[in-house]
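Asker: The file below is model_7.txt, compact mmCIF, N, CA and C atoms:
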```txt
# COMPACT_ATOMS: atom_id res chain seq x y z
N MET R 17 -2.59 -4.20 -27.40
CA MET R 17 -1.38 -3.60 -26.89
C MET R 17 -1.51 -2.08 -27.01
N PRO R 18 -1.27 -1.35 -25.91
CA PRO R 18 -1.34 0.12 -25.98
C PRO R 18 -0.35 0.67 -27.00
N GLU R 19 -0.82 1.59 -27.81
CA GLU R 19 0.03 2.21 -28.82
C GLU R 19 0.64 3.50 -28.28
N GLY R 20 1.48 4.12 -29.09
CA GLY R 20 2.20 5.31 -28.67
C GLY R 20 1.33 6.43 -28.15
N ASP R 21 0.17 6.66 -28.81
CA ASP R 21 -0.70 7.75 -28.35
C ASP R 21 -1.27 7.45 -26.98
N THR R 22 -1.59 6.19 -26.70
CA THR R 22 -2.10 5.80 -25.38
C THR R 22 -1.03 6.00 -24.32
N VAL R 23 0.20 5.64 -24.63
CA VAL R 23 1.31 5.82 -23.69
C VAL R 23 1.53 7.31 -23.44
N TRP R 24 1.49 8.12 -24.50
CA TRP R 24 1.68 9.56 -24.35
C TRP R 24 0.59 10.15 -23.46
N HIS R 25 -0.67 9.80 -23.72
CA HIS R 25 -1.77 10.32 -22.90
C HIS R 25 -1.66 9.86 -21.45
N THR R 26 -1.27 8.62 -21.24
CA THR R 26 -1.08 8.11 -19.88
C THR R 26 0.01 8.90 -19.16
N ALA R 27 1.14 9.11 -19.83
CA ALA R 27 2.23 9.88 -19.23
C ALA R 27 1.78 11.30 -18.91
N HIS R 28 1.04 11.91 -19.82
CA HIS R 28 0.56 13.27 -19.61
C HIS R 28 -0.36 13.35 -18.39
N ARG R 29 -1.30 12.42 -18.27
CA ARG R 29 -2.23 12.40 -17.13
C ARG R 29 -1.49 12.16 -15.82
N LEU R 30 -0.53 11.21 -15.84
CA LEU R 30 0.25 10.94 -14.63
C LEU R 30 1.09 12.14 -14.24
N HIS R 31 1.70 12.78 -15.23
CA HIS R 31 2.51 13.96 -14.95
C HIS R 31 1.65 15.06 -14.31
N GLU R 32 0.46 15.30 -14.87
CA GLU R 32 -0.44 16.32 -14.32
C GLU R 32 -0.81 16.00 -12.87
N ALA R 33 -1.02 14.72 -12.57
CA ALA R 33 -1.45 14.31 -11.23
C ALA R 33 -0.31 14.26 -10.22
N LEU R 34 0.92 13.95 -10.68
CA LEU R 34 2.00 13.64 -9.75
C LEU R 34 3.15 14.63 -9.70
N ALA R 35 3.45 15.31 -10.80
CA ALA R 35 4.63 16.18 -10.83
C ALA R 35 4.56 17.25 -9.76
N GLY R 36 5.65 17.38 -9.00
CA GLY R 36 5.72 18.36 -7.93
C GLY R 36 5.20 17.86 -6.60
N ARG R 37 4.60 16.69 -6.59
CA ARG R 37 4.04 16.14 -5.35
C ARG R 37 5.02 15.16 -4.71
N VAL R 38 4.87 15.00 -3.42
CA VAL R 38 5.72 14.08 -2.66
C VAL R 38 4.97 12.77 -2.49
N LEU R 39 5.66 11.67 -2.74
CA LEU R 39 5.05 10.35 -2.58
C LEU R 39 4.88 10.05 -1.09
N THR R 40 3.68 9.69 -0.70
CA THR R 40 3.39 9.41 0.71
C THR R 40 3.45 7.92 1.02
N ARG R 41 3.40 7.10 -0.02
CA ARG R 41 3.49 5.65 0.18
C ARG R 41 3.80 5.00 -1.15
N THR R 42 4.64 3.99 -1.14
CA THR R 42 4.88 3.21 -2.35
C THR R 42 4.79 1.73 -2.01
N ASP R 43 4.34 0.95 -2.97
CA ASP R 43 4.17 -0.49 -2.78
C ASP R 43 4.40 -1.16 -4.13
N PHE R 44 5.55 -1.77 -4.29
CA PHE R 44 5.89 -2.45 -5.53
C PHE R 44 5.76 -3.95 -5.33
N ARG R 45 4.98 -4.59 -6.15
CA ARG R 45 4.71 -6.02 -5.99
C ARG R 45 5.45 -6.86 -7.02
N VAL R 46 6.58 -6.36 -7.42
CA VAL R 46 7.49 -7.10 -8.29
C VAL R 46 8.62 -7.56 -7.37
N PRO R 47 8.91 -8.85 -7.30
CA PRO R 47 9.87 -9.35 -6.30
C PRO R 47 11.16 -8.56 -6.16
N ARG R 48 11.81 -8.21 -7.26
CA ARG R 48 13.10 -7.54 -7.11
C ARG R 48 12.97 -6.09 -6.65
N LEU R 49 11.74 -5.53 -6.67
CA LEU R 49 11.52 -4.16 -6.19
C LEU R 49 10.72 -4.12 -4.89
N ALA R 50 10.39 -5.28 -4.35
CA ALA R 50 9.48 -5.34 -3.20
C ALA R 50 9.98 -4.55 -2.00
N THR R 51 11.28 -4.41 -1.83
CA THR R 51 11.81 -3.68 -0.68
C THR R 51 12.12 -2.22 -1.00
N ALA R 52 11.94 -1.81 -2.23
CA ALA R 52 12.19 -0.41 -2.61
C ALA R 52 11.14 0.49 -1.98
N ASP R 53 11.56 1.63 -1.48
CA ASP R 53 10.64 2.57 -0.85
C ASP R 53 10.96 3.97 -1.35
N LEU R 54 10.04 4.54 -2.09
CA LEU R 54 10.23 5.89 -2.63
C LEU R 54 9.47 6.93 -1.81
N THR R 55 8.94 6.53 -0.66
CA THR R 55 8.20 7.44 0.21
C THR R 55 9.05 8.65 0.55
N GLY R 56 8.45 9.83 0.46
CA GLY R 56 9.14 11.07 0.79
C GLY R 56 9.86 11.71 -0.38
N ARG R 57 9.92 11.03 -1.50
CA ARG R 57 10.58 11.60 -2.69
C ARG R 57 9.56 12.38 -3.51
N GLN R 58 10.02 13.45 -4.12
CA GLN R 58 9.15 14.26 -4.96
C GLN R 58 9.20 13.74 -6.39
N VAL R 59 8.05 13.69 -7.03
CA VAL R 59 7.98 13.31 -8.44
C VAL R 59 8.37 14.53 -9.27
N LEU R 60 9.38 14.37 -10.10
CA LEU R 60 9.85 15.47 -10.95
C LEU R 60 9.10 15.51 -12.27
N GLU R 61 8.90 14.34 -12.86
CA GLU R 61 8.19 14.28 -14.14
C GLU R 61 7.79 12.85 -14.44
N VAL R 62 6.81 12.72 -15.31
CA VAL R 62 6.47 11.44 -15.91
C VAL R 62 6.58 11.66 -17.41
N ALA R 63 7.48 10.91 -18.04
CA ALA R 63 7.77 11.15 -19.46
C ALA R 63 7.62 9.86 -20.26
N PRO R 64 7.01 9.96 -21.44
CA PRO R 64 6.94 8.79 -22.31
C PRO R 64 8.21 8.69 -23.15
N ARG R 65 8.68 7.49 -23.34
CA ARG R 65 9.80 7.22 -24.25
C ARG R 65 9.42 5.98 -25.03
N GLY R 66 8.95 6.20 -26.26
CA GLY R 66 8.42 5.08 -27.03
C GLY R 66 7.20 4.53 -26.32
N LYS R 67 7.22 3.24 -26.00
CA LYS R 67 6.12 2.62 -25.27
C LYS R 67 6.43 2.46 -23.79
N HIS R 68 7.41 3.22 -23.33
CA HIS R 68 7.83 3.15 -21.93
C HIS R 68 7.43 4.42 -21.20
N LEU R 69 7.13 4.29 -19.90
CA LEU R 69 6.84 5.43 -19.04
C LEU R 69 7.98 5.56 -18.04
N LEU R 70 8.54 6.75 -17.93
CA LEU R 70 9.62 7.00 -16.99
C LEU R 70 9.13 8.01 -15.96
N THR R 71 9.05 7.57 -14.71
CA THR R 71 8.65 8.45 -13.62
C THR R 71 9.91 8.81 -12.87
N ARG R 72 10.36 10.05 -13.01
CA ARG R 72 11.59 10.51 -12.39
C ARG R 72 11.26 11.15 -11.04
N VAL R 73 12.02 10.73 -10.02
CA VAL R 73 11.83 11.26 -8.67
C VAL R 73 13.15 11.80 -8.16
N THR R 74 13.08 12.61 -7.09
CA THR R 74 14.29 13.18 -6.52
C THR R 74 15.24 12.06 -6.09
N GLY R 75 16.51 12.41 -6.04
CA GLY R 75 17.53 11.43 -5.68
C GLY R 75 18.10 10.71 -6.89
N GLY R 76 17.72 11.17 -8.10
CA GLY R 76 18.25 10.58 -9.31
C GLY R 76 17.65 9.23 -9.66
N LEU R 77 16.48 8.90 -9.11
CA LEU R 77 15.86 7.60 -9.38
C LEU R 77 14.76 7.74 -10.43
N THR R 78 14.58 6.67 -11.19
CA THR R 78 13.54 6.63 -12.22
C THR R 78 12.81 5.30 -12.13
N LEU R 79 11.49 5.38 -12.05
CA LEU R 79 10.66 4.18 -12.11
C LEU R 79 10.30 3.97 -13.57
N HIS R 80 10.73 2.85 -14.12
CA HIS R 80 10.49 2.52 -15.52
C HIS R 80 9.32 1.54 -15.58
N SER R 81 8.31 1.87 -16.35
CA SER R 81 7.20 0.93 -16.52
C SER R 81 6.84 0.82 -18.00
N HIS R 82 6.26 -0.31 -18.32
CA HIS R 82 5.84 -0.61 -19.68
C HIS R 82 4.46 -1.21 -19.57
N LEU R 83 3.54 -0.76 -20.42
CA LEU R 83 2.17 -1.22 -20.30
C LEU R 83 1.95 -2.64 -20.84
N GLY R 84 2.95 -3.20 -21.49
CA GLY R 84 2.81 -4.57 -21.98
C GLY R 84 1.61 -4.72 -22.91
N MET R 85 0.98 -5.87 -22.83
CA MET R 85 -0.16 -6.15 -23.71
C MET R 85 -1.45 -5.47 -23.24
N ASP R 86 -1.64 -5.36 -21.93
CA ASP R 86 -2.91 -4.80 -21.46
C ASP R 86 -2.77 -4.03 -20.16
N GLY R 87 -1.59 -3.49 -19.91
CA GLY R 87 -1.37 -2.75 -18.67
C GLY R 87 -1.97 -1.36 -18.69
N SER R 88 -2.09 -0.79 -17.51
CA SER R 88 -2.61 0.56 -17.40
C SER R 88 -2.20 1.15 -16.06
N TRP R 89 -2.26 2.46 -15.98
CA TRP R 89 -2.10 3.19 -14.73
C TRP R 89 -3.44 3.85 -14.46
N ARG R 90 -3.83 3.91 -13.20
CA ARG R 90 -5.09 4.54 -12.83
C ARG R 90 -4.82 5.66 -11.83
N ILE R 91 -5.56 6.73 -11.94
CA ILE R 91 -5.45 7.85 -11.01
C ILE R 91 -6.72 7.83 -10.15
N ALA R 92 -6.51 7.83 -8.84
CA ALA R 92 -7.64 7.78 -7.92
C ALA R 92 -7.46 8.83 -6.83
N PRO R 93 -8.54 9.22 -6.19
CA PRO R 93 -8.42 10.20 -5.10
C PRO R 93 -7.57 9.66 -3.96
N THR R 94 -6.94 10.58 -3.24
CA THR R 94 -6.13 10.21 -2.09
C THR R 94 -6.97 9.38 -1.12
N GLY R 95 -6.37 8.32 -0.60
CA GLY R 95 -7.05 7.49 0.39
C GLY R 95 -7.79 6.30 -0.18
N ARG R 96 -8.01 6.29 -1.48
CA ARG R 96 -8.70 5.15 -2.09
C ARG R 96 -7.67 4.09 -2.43
N GLY R 97 -7.95 2.86 -2.08
CA GLY R 97 -7.03 1.77 -2.35
C GLY R 97 -6.97 1.43 -3.82
N PRO R 98 -6.03 0.56 -4.18
CA PRO R 98 -5.91 0.15 -5.59
C PRO R 98 -7.18 -0.54 -6.07
N ARG R 99 -7.49 -0.32 -7.33
CA ARG R 99 -8.62 -1.00 -7.94
C ARG R 99 -8.30 -1.22 -9.40
N GLY R 100 -9.08 -1.99 -10.05
CA GLY R 100 -8.87 -2.22 -11.48
C GLY R 100 -8.60 -3.67 -11.81
N GLY R 101 -8.67 -4.51 -10.83
CA GLY R 101 -8.44 -5.93 -11.08
C GLY R 101 -8.15 -6.63 -9.79
N PRO R 102 -7.94 -7.94 -9.86
CA PRO R 102 -7.58 -8.68 -8.65
C PRO R 102 -6.26 -8.17 -8.07
N ALA R 103 -6.16 -8.14 -6.75
CA ALA R 103 -4.98 -7.58 -6.08
C ALA R 103 -3.69 -8.23 -6.56
N HIS R 104 -3.72 -9.51 -6.90
CA HIS R 104 -2.48 -10.17 -7.31
C HIS R 104 -2.00 -9.70 -8.69
N GLN R 105 -2.86 -8.99 -9.42
CA GLN R 105 -2.46 -8.48 -10.74
C GLN R 105 -1.97 -7.04 -10.68
N ILE R 106 -2.15 -6.37 -9.55
CA ILE R 106 -1.72 -4.98 -9.42
C ILE R 106 -0.27 -4.98 -8.97
N ARG R 107 0.61 -4.36 -9.74
CA ARG R 107 2.05 -4.44 -9.51
C ARG R 107 2.64 -3.25 -8.77
N ALA R 108 2.01 -2.09 -8.86
CA ALA R 108 2.55 -0.90 -8.18
C ALA R 108 1.42 -0.04 -7.68
```
Output the file's structure in the form of structure tokens.
Answerer:
Amino acid sequence: MPEGDTVWHTAHRLHEALAGRVLTRTDFRVPRLATADLTGRQVLEVAPRGKHLLTRVTGGLTLHSHLGMDGSWRIAPTGRGPRGGPAHQIRA
């Protein structure tokens, strides 16, 4: 299970990569979020809160994620598709 330092480092890396940028595409593979579209919204910050990651975007919305037992976020160059496991295991 990722510990607090791992969550903090993940939030820091995501913040460096995303803060101030506009989302060009979103794809949430969690049924209750499947129709949510954050495209065109600017990322304001990615902040750790305990073992939770809060990605705040314009419009007063926050994407809440938790790494669970073995979750992770990956940063990849623009245009590269998701990787890191079978497609059915990738949630966002």
Asker: Atom CA of Thr94 of chain R to atom N of Gly20 of chain R: how many Å, to one decimal?
Answerer: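 Distance reported for this atom pair: 28.7 Å.
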Asker: Using only C-alpha atoms, pick whichever of R:Leu83, R:Ala92, R:Ala108, R:Leu39 has the shortest atom-to-atom distance to His68 of chain R.
Answerer: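 Closest to His68 of chain R, using only C-alpha atoms: R:Leu83.
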Asker: Quick one: residues within 6 Å of His82 of chain R, only N, CA and C atoms counted, chain neighbours fewer than 2 positions away excluded, as number ranges by chain?
Answerer: R: 67-69, 80, 84
Asker: Take the residues from that selection and put them in a file with N, CA and C atoms, as a short mmCIF file (atom, residue, chain, number, x, y, z; two decimals), in the frame of the given file.
Answerer:
```cif
data_model
loop_
_atom_site.label_atom_id
_atom_site.label_comp_id
_atom_site.auth_asym_id
_atom_site.auth_seq_id
_atom_site.Cartn_x
_atom_site.Cartn_y
_atom_site.Cartn_z
N LYS R 67 7.22 3.24 -26.00
CA LYS R 67 6.12 2.62 -25.27
C LYS R 67 6.43 2.46 -23.79
N HIS R 68 7.41 3.22 -23.33
CA HIS R 68 7.83 3.15 -21.93
C HIS R 68 7.43 4.42 -21.20
N LEU R 69 7.13 4.29 -19.90
CA LEU R 69 6.84 5.43 -19.04
C LEU R 69 7.98 5.56 -18.04
N HIS R 80 10.73 2.85 -14.12
CA HIS R 80 10.49 2.52 -15.52
C HIS R 80 9.32 1.54 -15.58
N GLY R 84 2.95 -3.20 -21.49
CA GLY R 84 2.81 -4.57 -21.98
C GLY R 84 1.61 -4.72 -22.91
#
```
Asker: Write out as a ChimeraX atom specification each polymer residue whose atoms come within 8 Å of Pro64 of chain R, counting all atoms listed in the file; drop sequence neighbours fewer than 4 positions from it.
Answerer: /R:23-28,68-71
Asker: Just the alpha helix (DSSP H) stuff from chain R, please, per backbone DSSP, written as a list in words.
Answerer: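 The alpha helix (DSSP H) subset of chain R is Gly20, Asp21, Thr22, Val23, Trp24, His25, Thr26, Ala27, His28, Arg29, Leu30, His31, Glu32, Ala33 and Leu34 of chain R.
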Asker: Contacts of Asp43 of chain R at 8 Å or less, counting all atoms listed in the file, minus same-chain residues fewer than 3 places along, as a list in words?
Answerer: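 Final neighbour list, sorted by chain and number: Val46, Leu49, Ala50, Thr51, Ala52, Asp53, Leu54, Thr55, Ile106, Arg107 and Ala108 of chain R.
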Asker: One number please: atom CA of Gln58 of chain R to atom C of Met85 of chain R, in Å, one decimal.
Answerer: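 These two atoms are separated by 28.9 Å.
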Asker: Atom CA of Leu60 of chain R and atom CA of Ala35 of chain R are how many Å apart?
Answerer: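 Distance reported for this atom pair: 5.3 Å.
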Asker: Please report, as JSON, the centre and edge lengths in Å to one decimal of an axis-aligned box covering all listed atoms of segment 76-89 of chain R with 8 Å per side.
Answerer:
```
{"center_x": 7.4, "center_y": 2.5, "center_z": -15.9, "size_x": 37.7, "size_y": 33.3, "size_z": 31.6}
```
Asker: Given only N, CA and C atoms as the basis, pick out the residue of R:His31, R:Arg48, R:Arg96, R:Arg90 nearest to Glu61 of chain R.
Answerer: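 Using only N, CA and C atoms, Glu61 of chain R sits closest to R:His31.
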Asker: For segment 52-63 of chain R, where the input has fewer atoms than it should, I would like all heavy atoms rebuilt and written as an mmCIF file, in the coordinates of the input.
Answerer:
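Now in part_2.cif:
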```
data_model
loop_
_atom_site.group_PDB
_atom_site.id
_atom_site.type_symbol
_atom_site.label_atom_id
_atom_site.label_comp_id
_atom_site.auth_asym_id
_atom_site.auth_seq_id
_atom_site.Cartn_x
_atom_site.Cartn_y
_atom_site.Cartn_z
ATOM 1 N N ALA R 52 11.940 -1.810 -2.230
ATOM 2 C CA ALA R 52 12.190 -0.410 -2.610
ATOM 3 C C ALA R 52 11.140 0.490 -1.980
ATOM 4 O O ALA R 52 9.950 0.152 -1.945
ATOM 5 C CB ALA R 52 12.170 -0.255 -4.129
ATOM 6 N N ASP R 53 11.560 1.630 -1.480
ATOM 7 C CA ASP R 53 10.640 2.570 -0.850
ATOM 8 C C ASP R 53 10.960 3.970 -1.350
ATOM 9 O O ASP R 53 12.023 4.512 -1.072
ATOM 10 C CB ASP R 53 10.755 2.502 0.667
ATOM 11 C CG ASP R 53 9.721 3.341 1.381
ATOM 12 O OD1 ASP R 53 8.824 3.889 0.706
ATOM 13 O OD2 ASP R 53 9.812 3.454 2.614
ATOM 14 N N LEU R 54 10.040 4.540 -2.090
ATOM 15 C CA LEU R 54 10.230 5.890 -2.630
ATOM 16 C C LEU R 54 9.470 6.930 -1.810
ATOM 17 O O LEU R 54 9.387 8.101 -2.197
ATOM 18 C CB LEU R 54 9.780 5.948 -4.087
ATOM 19 C CG LEU R 54 10.503 5.008 -5.053
ATOM 20 C CD1 LEU R 54 9.953 5.161 -6.458
ATOM 21 C CD2 LEU R 54 12.000 5.236 -5.022
ATOM 22 N N THR R 55 8.940 6.530 -0.660
ATOM 23 C CA THR R 55 8.200 7.440 0.210
ATOM 24 C C THR R 55 9.050 8.650 0.550
ATOM 25 O O THR R 55 10.226 8.522 0.873
ATOM 26 C CB THR R 55 7.778 6.707 1.504
ATOM 27 O OG1 THR R 55 6.975 5.585 1.146
ATOM 28 C CG2 THR R 55 6.998 7.615 2.421
ATOM 29 N N GLY R 56 8.450 9.830 0.460
ATOM 30 C CA GLY R 56 9.140 11.070 0.790
ATOM 31 C C GLY R 56 9.860 11.710 -0.380
ATOM 32 O O GLY R 56 10.346 12.835 -0.281
ATOM 33 N N ARG R 57 9.920 11.030 -1.500
ATOM 34 C CA ARG R 57 10.580 11.600 -2.690
ATOM 35 C C ARG R 57 9.560 12.380 -3.510
ATOM 36 O O ARG R 57 8.407 11.996 -3.622
ATOM 37 C CB ARG R 57 11.217 10.511 -3.530
ATOM 38 C CG ARG R 57 12.341 9.809 -2.793
ATOM 39 C CD ARG R 57 13.022 8.817 -3.708
ATOM 40 N NE ARG R 57 14.000 8.036 -2.981
ATOM 41 C CZ ARG R 57 15.277 8.361 -2.861
ATOM 42 N NH1 ARG R 57 15.730 9.456 -3.436
ATOM 43 N NH2 ARG R 57 16.099 7.594 -2.194
ATOM 44 N N GLN R 58 10.020 13.450 -4.120
ATOM 45 C CA GLN R 58 9.150 14.260 -4.960
ATOM 46 C C GLN R 58 9.200 13.740 -6.390
ATOM 47 O O GLN R 58 10.277 13.399 -6.909
ATOM 48 C CB GLN R 58 9.608 15.714 -4.939
ATOM 49 C CG GLN R 58 8.717 16.635 -5.741
ATOM 50 C CD GLN R 58 9.202 18.070 -5.708
ATOM 51 O OE1 GLN R 58 10.380 18.340 -5.504
ATOM 52 N NE2 GLN R 58 8.282 18.997 -5.903
ATOM 53 N N VAL R 59 8.050 13.690 -7.030
ATOM 54 C CA VAL R 59 7.980 13.310 -8.440
ATOM 55 C C VAL R 59 8.370 14.530 -9.270
ATOM 56 O O VAL R 59 7.776 15.602 -9.121
ATOM 57 C CB VAL R 59 6.568 12.826 -8.832
ATOM 58 C CG1 VAL R 59 6.500 12.532 -10.331
ATOM 59 C CG2 VAL R 59 6.188 11.586 -8.036
ATOM 60 N N LEU R 60 9.380 14.370 -10.100
ATOM 61 C CA LEU R 60 9.850 15.470 -10.950
ATOM 62 C C LEU R 60 9.100 15.510 -12.270
ATOM 63 O O LEU R 60 8.741 16.586 -12.751
ATOM 64 C CB LEU R 60 11.351 15.327 -11.190
ATOM 65 C CG LEU R 60 12.212 15.308 -9.923
ATOM 66 C CD1 LEU R 60 13.657 15.015 -10.280
ATOM 67 C CD2 LEU R 60 12.076 16.621 -9.173
ATOM 68 N N GLU R 61 8.900 14.340 -12.860
ATOM 69 C CA GLU R 61 8.190 14.280 -14.140
ATOM 70 C C GLU R 61 7.790 12.850 -14.440
ATOM 71 O O GLU R 61 8.363 11.900 -13.901
ATOM 72 C CB GLU R 61 9.044 14.820 -15.283
ATOM 73 C CG GLU R 61 10.192 13.918 -15.671
ATOM 74 C CD GLU R 61 10.902 14.346 -16.951
ATOM 75 O OE1 GLU R 61 10.281 15.001 -17.804
ATOM 76 O OE2 GLU R 61 12.078 14.006 -17.093
ATOM 77 N N VAL R 62 6.810 12.720 -15.310
ATOM 78 C CA VAL R 62 6.470 11.440 -15.910
ATOM 79 C C VAL R 62 6.580 11.660 -17.410
ATOM 80 O O VAL R 62 5.901 12.527 -17.967
ATOM 81 C CB VAL R 62 5.053 10.955 -15.536
ATOM 82 C CG1 VAL R 62 4.766 9.609 -16.190
ATOM 83 C CG2 VAL R 62 4.890 10.864 -14.017
ATOM 84 N N ALA R 63 7.480 10.910 -18.040
ATOM 85 C CA ALA R 63 7.770 11.150 -19.460
ATOM 86 C C ALA R 63 7.620 9.860 -20.260
ATOM 87 O O ALA R 63 8.050 8.803 -19.822
ATOM 88 C CB ALA R 63 9.188 11.675 -19.615
#
```
